[in-house]
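Undergrad: Next comes the structure file coords-v1.txt, holding compact mmCIF, C-alpha atoms and all ligand atoms.
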```txt
# COMPACT_ATOMS: atom_id res chain seq x y z
CA MET S 282 -11.71 21.66 -40.80
CA ALA S 283 -13.41 20.12 -37.83
CA PHE S 284 -13.63 20.49 -34.12
CA THR S 285 -12.32 17.80 -31.81
CA ILE S 286 -11.67 17.24 -28.13
CA SER S 287 -8.16 16.31 -27.12
CA GLU S 288 -6.93 13.91 -24.48
CA GLU S 289 -6.39 16.78 -22.05
CA CYS S 290 -10.16 16.95 -21.56
CA THR S 291 -11.05 16.77 -17.86
CA ALA S 292 -14.66 15.80 -18.63
CA CYS S 293 -16.07 18.86 -16.89
CA GLY S 294 -19.05 18.85 -19.24
CA GLU S 295 -19.10 22.60 -19.85
CA CYS S 296 -18.91 22.29 -23.63
CA ALA S 297 -21.68 19.70 -23.96
CA GLY S 298 -24.18 21.96 -22.23
CA ASN S 299 -23.25 24.88 -24.44
CA CYS S 300 -23.14 23.26 -27.87
CA PRO S 301 -26.10 24.67 -29.85
CA ALA S 302 -26.05 21.66 -32.15
CA GLY S 303 -26.09 19.06 -29.40
CA ALA S 304 -23.02 17.55 -30.98
CA ILE S 305 -21.02 16.90 -27.80
CA ALA S 306 -21.59 13.89 -25.60
CA GLY S 307 -19.61 12.13 -22.94
CA ASP S 308 -19.28 10.86 -19.41
CA LYS S 309 -16.75 10.87 -16.60
CA LYS S 310 -14.15 9.32 -18.88
CA GLY S 311 -14.23 12.04 -21.49
CA TYR S 312 -16.17 13.93 -24.11
CA ALA S 313 -16.32 13.70 -27.88
CA ILE S 314 -17.77 15.69 -30.76
CA ASP S 315 -20.04 14.13 -33.36
CA ALA S 316 -18.59 15.55 -36.56
CA GLU S 317 -21.84 15.01 -38.45
CA LYS S 318 -23.80 17.20 -36.04
CA CYS S 319 -21.13 19.86 -35.44
CA THR S 320 -21.78 23.14 -37.25
CA GLU S 321 -18.27 24.41 -36.41
CA CYS S 322 -19.64 27.40 -34.51
CA GLY S 323 -16.63 27.47 -32.19
CA ALA S 324 -18.58 27.77 -28.92
CA CYS S 325 -16.91 24.72 -27.37
CA ALA S 326 -13.44 26.06 -28.10
CA GLU S 327 -14.36 29.36 -26.46
CA ILE S 328 -15.88 27.83 -23.36
CA CYS S 329 -13.42 25.02 -22.60
CA PRO S 330 -11.34 26.14 -19.58
CA ILE S 331 -8.28 24.21 -20.72
CA SER S 332 -8.64 24.55 -24.48
CA ALA S 333 -9.18 20.84 -24.99
CA ALA S 334 -11.94 21.51 -27.53
CA LYS S 335 -10.37 23.03 -30.58
CA LYS S 336 -10.21 23.22 -34.32
CA CYS S 337 -7.94 20.65 -35.91
S1 LIG V 401 -17.99 23.86 -32.78
FE1 LIG V 401 -20.08 24.44 -32.06
S2 LIG V 401 -21.43 22.89 -32.99
FE2 LIG V 401 -19.33 22.07 -33.08
S3 LIG V 401 -19.11 20.81 -31.23
FE3 LIG V 401 -18.30 22.89 -30.77
S4 LIG V 401 -20.07 24.00 -29.83
FE4 LIG V 401 -20.89 22.18 -30.92
S1 LIG V 402 -15.22 21.99 -21.71
FE1 LIG V 402 -13.17 21.15 -22.26
S2 LIG V 402 -12.50 19.96 -20.45
FE2 LIG V 402 -14.72 20.32 -20.27
S3 LIG V 402 -15.69 18.47 -21.15
FE3 LIG V 402 -15.53 20.03 -22.79
S4 LIG V 402 -13.56 19.59 -23.84
FE4 LIG V 402 -13.52 18.53 -21.85
```
For this file, write the structure as structure tokens.

TA:
Amino acid sequence: MAFTISEECTACGECAGNCPAGAIAGDKKGYAIDAEKCTECGACAEICPISAAKKC
């Protein structure tokens, strides 16, 4: 299992600032999760307002 960010992402940046592992990075075009840094804590999935960050 892993966490990913889907194409629905609006690049609001909320998840990146709340990832305890610093695994999320991005810019105005979109955000992505570094699978090697992600500890699969689930915080991004909880905080994303449109559920674009989720377990896949
Ligand atoms: S699951 Fe946790 S560690 Fe992984 S990207 Fe989301 S907030 Fe970061
Ligand atoms: S919180 Fe959701 S919409 Fe915002 S940057 Fe993260 S994945 Fe994209």

Undergrad: Using all atoms listed in the file, find the one residue out of S:Lys335, S:Ile314, S:Glu288, S:Cys329 that sits nearest to ligand LIG 402 (chain V).

TA: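 The answer is S:Cys329, which sits nearest to ligand LIG 402 (chain V).
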
Undergrad: Using all atoms listed in the file, which residues have at least one atom no more than 8 Å from ligand LIG 401 (chain V)? Output them as a PyMOL selection string.

TA: chain S and resi 283-285+296-297+299-305+314-316+318-326+334-336

Undergrad: In Å, how far is it from atom CA of Ile328 of chain S to atom CA of Lys310 of chain S?

TA: 19.1 Å

Undergrad: For ligand LIG 402 (chain V), return the neighbouring residues as an mmCIF file with C-alpha atoms, in the coordinates of the input (distance at most 6 Å; all atoms listed in the file).

TA:
```cif
data_model
loop_
_atom_site.group_PDB
_atom_site.id
_atom_site.type_symbol
_atom_site.label_atom_id
_atom_site.label_comp_id
_atom_site.auth_asym_id
_atom_site.auth_seq_id
_atom_site.Cartn_x
_atom_site.Cartn_y
_atom_site.Cartn_z
ATOM 1 C CA ILE S 286 -11.670 17.240 -28.130
ATOM 2 C CA CYS S 290 -10.160 16.950 -21.560
ATOM 3 C CA THR S 291 -11.050 16.770 -17.860
ATOM 4 C CA ALA S 292 -14.660 15.800 -18.630
ATOM 5 C CA CYS S 293 -16.070 18.860 -16.890
ATOM 6 C CA GLY S 294 -19.050 18.850 -19.240
ATOM 7 C CA GLU S 295 -19.100 22.600 -19.850
ATOM 8 C CA CYS S 296 -18.910 22.290 -23.630
ATOM 9 C CA TYR S 312 -16.170 13.930 -24.110
ATOM 10 C CA CYS S 329 -13.420 25.020 -22.600
ATOM 11 C CA PRO S 330 -11.340 26.140 -19.580
ATOM 12 C CA ILE S 331 -8.280 24.210 -20.720
ATOM 13 C CA ALA S 333 -9.180 20.840 -24.990
ATOM 14 C CA ALA S 334 -11.940 21.510 -27.530
#
```

Undergrad: Centre and edge lengths of an axis-aligned box around all listed atoms of segment 282-296 of chain S, with 5 Å added on each side, are to be given in Å to one decimal, as AutoDock Vina command-line options.

TA:
```
--center_x -12.7 --center_y 18.3 --center_z -28.8 --size_x 22.7 --size_y 18.7 --size_z 33.9
```

Undergrad: Please, can segment 300-331 of chain S be completed to N, CA and C atoms and returned as a PDB file, in the coordinates of the input?

TA:
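Written output follows (part19.pdb):
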```
ATOM      1  N   CYS S 300     -23.203  23.485 -26.421  1.00  0.00           N
ATOM      2  CA  CYS S 300     -23.140  23.260 -27.870  1.00  0.00           C
ATOM      3  C   CYS S 300     -24.547  23.431 -28.448  1.00  0.00           C
ATOM      4  N   PRO S 301     -24.767  24.433 -29.287  1.00  0.00           N
ATOM      5  CA  PRO S 301     -26.100  24.670 -29.850  1.00  0.00           C
ATOM      6  C   PRO S 301     -26.582  23.564 -30.765  1.00  0.00           C
ATOM      7  N   ALA S 302     -25.673  22.746 -31.235  1.00  0.00           N
ATOM      8  CA  ALA S 302     -26.050  21.660 -32.150  1.00  0.00           C
ATOM      9  C   ALA S 302     -26.235  20.331 -31.434  1.00  0.00           C
ATOM     10  N   GLY S 303     -25.966  20.313 -30.137  1.00  0.00           N
ATOM     11  CA  GLY S 303     -26.090  19.060 -29.400  1.00  0.00           C
ATOM     12  C   GLY S 303     -25.123  18.009 -29.905  1.00  0.00           C
ATOM     13  N   ALA S 304     -23.975  18.462 -30.346  1.00  0.00           N
ATOM     14  CA  ALA S 304     -23.020  17.550 -30.980  1.00  0.00           C
ATOM     15  C   ALA S 304     -22.002  16.945 -30.017  1.00  0.00           C
ATOM     16  N   ILE S 305     -22.025  17.390 -28.752  1.00  0.00           N
ATOM     17  CA  ILE S 305     -21.020  16.900 -27.800  1.00  0.00           C
ATOM     18  C   ILE S 305     -21.662  15.997 -26.762  1.00  0.00           C
ATOM     19  N   ALA S 306     -21.087  14.826 -26.592  1.00  0.00           N
ATOM     20  CA  ALA S 306     -21.590  13.890 -25.600  1.00  0.00           C
ATOM     21  C   ALA S 306     -20.424  13.243 -24.883  1.00  0.00           C
ATOM     22  N   GLY S 307     -20.677  12.786 -23.671  1.00  0.00           N
ATOM     23  CA  GLY S 307     -19.610  12.130 -22.940  1.00  0.00           C
ATOM     24  C   GLY S 307     -20.022  11.726 -21.553  1.00  0.00           C
ATOM     25  N   ASP S 308     -19.049  11.248 -20.799  1.00  0.00           N
ATOM     26  CA  ASP S 308     -19.280  10.860 -19.410  1.00  0.00           C
ATOM     27  C   ASP S 308     -18.027  11.181 -18.615  1.00  0.00           C
ATOM     28  N   LYS S 309     -17.891  10.559 -17.457  1.00  0.00           N
ATOM     29  CA  LYS S 309     -16.750  10.870 -16.600  1.00  0.00           C
ATOM     30  C   LYS S 309     -15.402  10.563 -17.232  1.00  0.00           C
ATOM     31  N   LYS S 310     -15.405   9.702 -18.236  1.00  0.00           N
ATOM     32  CA  LYS S 310     -14.150   9.320 -18.880  1.00  0.00           C
ATOM     33  C   LYS S 310     -13.690  10.325 -19.934  1.00  0.00           C
ATOM     34  N   GLY S 311     -14.618  11.068 -20.476  1.00  0.00           N
ATOM     35  CA  GLY S 311     -14.230  12.040 -21.490  1.00  0.00           C
ATOM     36  C   GLY S 311     -15.374  12.410 -22.397  1.00  0.00           C
ATOM     37  N   TYR S 312     -15.141  13.435 -23.214  1.00  0.00           N
ATOM     38  CA  TYR S 312     -16.170  13.930 -24.110  1.00  0.00           C
ATOM     39  C   TYR S 312     -15.706  13.868 -25.552  1.00  0.00           C
ATOM     40  N   ALA S 313     -16.669  13.766 -26.469  1.00  0.00           N
ATOM     41  CA  ALA S 313     -16.320  13.700 -27.880  1.00  0.00           C
ATOM     42  C   ALA S 313     -17.342  14.469 -28.705  1.00  0.00           C
ATOM     43  N   ILE S 314     -16.909  14.927 -29.864  1.00  0.00           N
ATOM     44  CA  ILE S 314     -17.770  15.690 -30.760  1.00  0.00           C
ATOM     45  C   ILE S 314     -18.197  14.816 -31.930  1.00  0.00           C
ATOM     46  N   ASP S 315     -19.504  14.843 -32.206  1.00  0.00           N
ATOM     47  CA  ASP S 315     -20.040  14.130 -33.360  1.00  0.00           C
ATOM     48  C   ASP S 315     -19.865  15.042 -34.571  1.00  0.00           C
ATOM     49  N   ALA S 316     -18.938  14.698 -35.418  1.00  0.00           N
ATOM     50  CA  ALA S 316     -18.590  15.550 -36.560  1.00  0.00           C
ATOM     51  C   ALA S 316     -19.766  15.776 -37.510  1.00  0.00           C
ATOM     52  N   GLU S 317     -20.696  14.845 -37.544  1.00  0.00           N
ATOM     53  CA  GLU S 317     -21.840  15.010 -38.450  1.00  0.00           C
ATOM     54  C   GLU S 317     -22.851  16.013 -37.931  1.00  0.00           C
ATOM     55  N   LYS S 318     -22.862  16.225 -36.616  1.00  0.00           N
ATOM     56  CA  LYS S 318     -23.800  17.200 -36.040  1.00  0.00           C
ATOM     57  C   LYS S 318     -23.157  18.572 -35.877  1.00  0.00           C
ATOM     58  N   CYS S 319     -21.848  18.608 -35.703  1.00  0.00           N
ATOM     59  CA  CYS S 319     -21.130  19.860 -35.440  1.00  0.00           C
ATOM     60  C   CYS S 319     -21.272  20.849 -36.591  1.00  0.00           C
ATOM     61  N   THR S 320     -21.643  22.089 -36.249  1.00  0.00           N
ATOM     62  CA  THR S 320     -21.780  23.140 -37.250  1.00  0.00           C
ATOM     63  C   THR S 320     -20.544  24.043 -37.268  1.00  0.00           C
ATOM     64  N   GLU S 321     -19.537  23.677 -36.489  1.00  0.00           N
ATOM     65  CA  GLU S 321     -18.270  24.410 -36.410  1.00  0.00           C
ATOM     66  C   GLU S 321     -18.470  25.862 -35.981  1.00  0.00           C
ATOM     67  N   CYS S 322     -19.365  26.045 -34.999  1.00  0.00           N
ATOM     68  CA  CYS S 322     -19.640  27.400 -34.510  1.00  0.00           C
ATOM     69  C   CYS S 322     -18.514  27.937 -33.630  1.00  0.00           C
ATOM     70  N   GLY S 323     -17.752  27.031 -33.013  1.00  0.00           N
ATOM     71  CA  GLY S 323     -16.630  27.470 -32.190  1.00  0.00           C
ATOM     72  C   GLY S 323     -16.940  27.688 -30.718  1.00  0.00           C
ATOM     73  N   ALA S 324     -18.199  27.516 -30.319  1.00  0.00           N
ATOM     74  CA  ALA S 324     -18.580  27.770 -28.920  1.00  0.00           C
ATOM     75  C   ALA S 324     -17.818  26.888 -27.940  1.00  0.00           C
ATOM     76  N   CYS S 325     -17.604  25.632 -28.288  1.00  0.00           N
ATOM     77  CA  CYS S 325     -16.910  24.720 -27.370  1.00  0.00           C
ATOM     78  C   CYS S 325     -15.466  25.165 -27.148  1.00  0.00           C
ATOM     79  N   ALA S 326     -14.824  25.610 -28.210  1.00  0.00           N
ATOM     80  CA  ALA S 326     -13.440  26.060 -28.100  1.00  0.00           C
ATOM     81  C   ALA S 326     -13.341  27.296 -27.206  1.00  0.00           C
ATOM     82  N   GLU S 327     -14.366  28.145 -27.279  1.00  0.00           N
ATOM     83  CA  GLU S 327     -14.360  29.360 -26.460  1.00  0.00           C
ATOM     84  C   GLU S 327     -14.611  29.051 -25.001  1.00  0.00           C
ATOM     85  N   ILE S 328     -15.470  28.072 -24.737  1.00  0.00           N
ATOM     86  CA  ILE S 328     -15.880  27.830 -23.360  1.00  0.00           C
ATOM     87  C   ILE S 328     -14.963  26.871 -22.601  1.00  0.00           C
ATOM     88  N   CYS S 329     -14.255  26.001 -23.297  1.00  0.00           N
ATOM     89  CA  CYS S 329     -13.420  25.020 -22.600  1.00  0.00           C
ATOM     90  C   CYS S 329     -12.324  25.712 -21.783  1.00  0.00           C
ATOM     91  N   PRO S 330     -12.308  25.469 -20.466  1.00  0.00           N
ATOM     92  CA  PRO S 330     -11.340  26.140 -19.580  1.00  0.00           C
ATOM     93  C   PRO S 330      -9.887  25.755 -19.843  1.00  0.00           C
ATOM     94  N   ILE S 331      -9.665  24.621 -20.468  1.00  0.00           N
ATOM     95  CA  ILE S 331      -8.280  24.210 -20.720  1.00  0.00           C
ATOM     96  C   ILE S 331      -7.970  24.048 -22.203  1.00  0.00           C
TER      97      ILE S 331
END
```
